[in-house]
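This report concerns only the one structure given below.
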Amino acid sequence: MRLFRRSRKTEDVPDPRTAWPEQPVPEDAAAAAVTFWEAWFALLPEVSAALGDREPHRVEHDLCTIVEALHPRLHFSLDRGHRAIYSLVLTGQEDPELRPYTDAWKAAAPPEDAIWEYHDSVPPVPDPNEVTVNLGETRVALADVRVTAKVDESAGRVDVTVFHPLIEELAPETRTTMTFLPLDATLGERVAAERLGKVELVTEARDGQVTLLELREMVGRLGSPTPENVGPPD
């Protein structure tokens with residue numbers, strides 16, 4: 001599972017007694033996107049070397065800097081790609097105020113090739129049943145996640161509950177992650193935001209629960225707008 005990194009590193013946080021410095025937001029999203037891609041290509045040899053050595057932390061600070069210059073509230077990740085070897089994901093976590101910046105970033109992106117693919121929201125994984133994540137000291141297999149799904153076809157949305165047998169072993173601060181991570185992994189961040197209504201984590205199994213792949217099928221049948229990126233890539 002991909003690891004998201006905020007656009008500012010923890011060690012950059014100032015003393016809590018100091019006012020947080022105002023971070024400028026570019027007025028021209030399109031121009032800022034062009035500047036991002038120029039910086040990306042200048043940094044790309046170092047990124048490639050760091051990934052080849054399995055030491056992505058070597059370029060994290062530089063990537064944080066160029067992402068922050070596009071917009072200080074954006075998040076990013078480097079991960080294995082579906083169609084290419086690597087993927088670069090830049091996301092505003094479905095914040096409508098950030099959409100102009102991610103849209104401009106995607107529009108200015110270079111064509112995908114055998115090495116890199118680019119996503120302006122978290123894409124779904126091909127098969128969530130193959131994903132295991134570490135939440136604190138607990139290894140959580142998404143294959144064991146079960147959900148109930150109440151479909152409102154007229155609204156095109158689904159209310160869900162999320163259950164995992166190990167939920168009681170998770171610290172309270174990681175339970176929110178366990179609520180949304182399986183859904184984003186299954187549907188993709190954008191489709192999850194568009195199609196899911198009420199989302200609740202439950203601590204006991206319930207009647208009528210389905211697997212994550214069955215949830216993906218339900219959402220895929222909801223009709224227009226079709227979840228374009230749900231399911232394994234072509």
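Ordering of the structure tokens sets the chain letters (A, B, ...); residue numbers start at 1 within each chain; ligands are numbered from 1 in the order shown.
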**Q.** Close residues, A:Arg99 itself excluded, 12 Å, only C-alpha atoms, min 2 positions apart in chain, as an MDAnalysis selection string
**A.** chainID A and resid 29:30 70:71 73:74 90:97 101:107 120:121 190
Contact check, stretch 98-132 of chain A to stretch 204-217 of chain A, at most 9 Å, counting only C-alpha atoms, closest pairs as a tab-separated table:
residue	atom	partner	partner_atom	distance
A:Asp127	CA	A:Leu213	CA	7.7
A:Pro128	CA	A:Leu212	CA	7.2
A:Asn129	CA	A:Leu212	CA	7.9
Q. Using the chain letters and numbers from this document, which residues of stretch 169-215 of chain A does DSSP assign to helix (DSSP H, G or I), as a list in words?
A.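 Put together, the selection reads Glu169, Pro172, Glu173, Thr174, Arg175, Thr176, Thr177, Met178, Thr179, Phe180, Leu181, Pro182, Leu183, Asp184, Ala185, Thr186, Leu187, Glu189, Arg190, Val191, Ala192, Ala193, Glu194, Arg195, Leu212, Leu213, Glu214 and Leu215 of chain A.
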Close residues, A:Ala42 itself excluded, 12 Å, only C-alpha atoms, min 5 positions apart in chain, as a short mmCIF file (atom, residue, chain, number, x, y, z; two decimals) with N, CA, C and O atoms, in the first residue's frame:
data_model
loop_
_atom_site.label_atom_id
_atom_site.label_comp_id
_atom_site.auth_asym_id
_atom_site.auth_seq_id
_atom_site.Cartn_x
_atom_site.Cartn_y
_atom_site.Cartn_z
N THR A 35 5.58 25.17 -13.74
CA THR A 35 6.79 25.28 -12.92
C THR A 35 7.07 23.97 -12.21
O THR A 35 8.23 23.54 -12.09
N PHE A 36 6.01 23.31 -11.72
CA PHE A 36 6.19 22.01 -11.06
C PHE A 36 6.86 21.03 -12.00
O PHE A 36 7.83 20.35 -11.61
N TRP A 37 6.34 20.90 -13.22
CA TRP A 37 6.87 19.89 -14.12
C TRP A 37 8.30 20.21 -14.56
O TRP A 37 9.11 19.30 -14.76
N VAL A 47 15.53 11.32 -8.47
CA VAL A 47 14.40 10.48 -8.07
C VAL A 47 14.60 9.05 -8.56
O VAL A 47 14.42 8.08 -7.81
N SER A 48 14.98 8.92 -9.81
CA SER A 48 15.19 7.58 -10.38
C SER A 48 16.28 6.83 -9.64
O SER A 48 16.14 5.63 -9.34
N ASP A 62 13.14 17.39 -1.35
CA ASP A 62 13.05 18.15 -2.60
C ASP A 62 11.66 18.03 -3.22
O ASP A 62 11.12 19.00 -3.77
N LEU A 63 11.07 16.84 -3.14
CA LEU A 63 9.72 16.66 -3.67
C LEU A 63 8.71 17.45 -2.86
O LEU A 63 7.78 18.05 -3.41
N ILE A 66 8.79 21.11 -4.12
CA ILE A 66 8.14 21.46 -5.38
C ILE A 66 6.63 21.25 -5.32
O ILE A 66 5.87 21.95 -5.99
#
Q | Spatial neighbours of A:Ala84, 7 Å, only C-alpha atoms, chain gap at least 6 places, as number ranges by chain | A | A: 113-117
Those selected residues, please, written with C-alpha atoms and delivered as a PDB file, in the first residue's frame.
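Contents of the output file result.pdb:
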ATOM      1  CA  ASP A 113       5.459   6.039 -20.630  1.00  0.00           C
ATOM      2  CA  ALA A 114       6.841   2.681 -19.560  1.00  0.00           C
ATOM      3  CA  ILE A 115       8.508   4.237 -16.509  1.00  0.00           C
ATOM      4  CA  TRP A 116       5.999   6.763 -15.103  1.00  0.00           C
ATOM      5  CA  GLU A 117       2.257   7.205 -14.809  1.00  0.00           C
TER       6      GLU A 117
END
Q.
Please report the interatomic distance between atom CA of A:Arg139 and atom CA of A:Leu183 in Å with one decimal.
A.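 Between atom CA of A:Arg139 and atom CA of A:Leu183 the gap is 17.3 Å.
Distance annotation: of A:Leu135, A:Val140, A:Val199, A:Leu78, the residue with the minimal separation from A:Arg54 is A:Leu78; atom set is only C-alpha atoms.
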Q: Could you tell me, as a PyMOL selection string, which residues of stretch 70-187 of chain A DSSP assigns to strand (DSSP E) when given the backbone?
A: chain A and resi 75-80+86-91+116-119+132-135+138-141+146-152+157-163
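Taking atom CA of A:Thr179 and atom CA of A:Thr161 as the two end points, the separation is 8.4 Å.
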Q | Å distance separating atom CA of A:Asp152 from atom CA of A:Gly197, one decimal place | A |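 Distance reported for this atom pair: 9.3 Å.
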Q. Within 12 Å of A:Thr174, counting only C-alpha atoms, which residues qualify if same-chain residues fewer than 5 places away don't, as a list of chain:residue names?
A.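 Those residues are A:Val133, A:Asn134, A:Leu135, A:Gly136, A:Glu137, A:Thr138, A:Val140, A:Leu166, A:Ile167, A:Glu168, A:Glu169, A:Thr179, A:Phe180, A:Leu181, A:Leu201.
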(Q) My list of candidates is A:Leu187, A:Ala39, A:Val67, A:Ile85. Which is closest to A:Gly52 when distances are computed with only C-alpha atoms? (A)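 Ranked by minimum distance to A:Gly52, first place goes to A:Ile85.
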**Q.** Top pick for closest residue to A:Leu44, considering A:Leu88, A:Val131, A:Ala193, A:Ala32 and counting only C-alpha atoms
**A.** A:Leu88
Q) From the set A:Gly220, A:Pro100, A:Pro72, A:Pro182, which residue has the shortest atom-to-atom contact distance to A:Glu130, counting only C-alpha atoms? A)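 So, comparing all the options, the nearest one is A:Pro182.
In terms of minimum interatomic distance to A:Tyr86, A:Leu51 ranks closest within A:Leu196, A:Leu170, A:Leu51, A:Val34, counting only C-alpha atoms.
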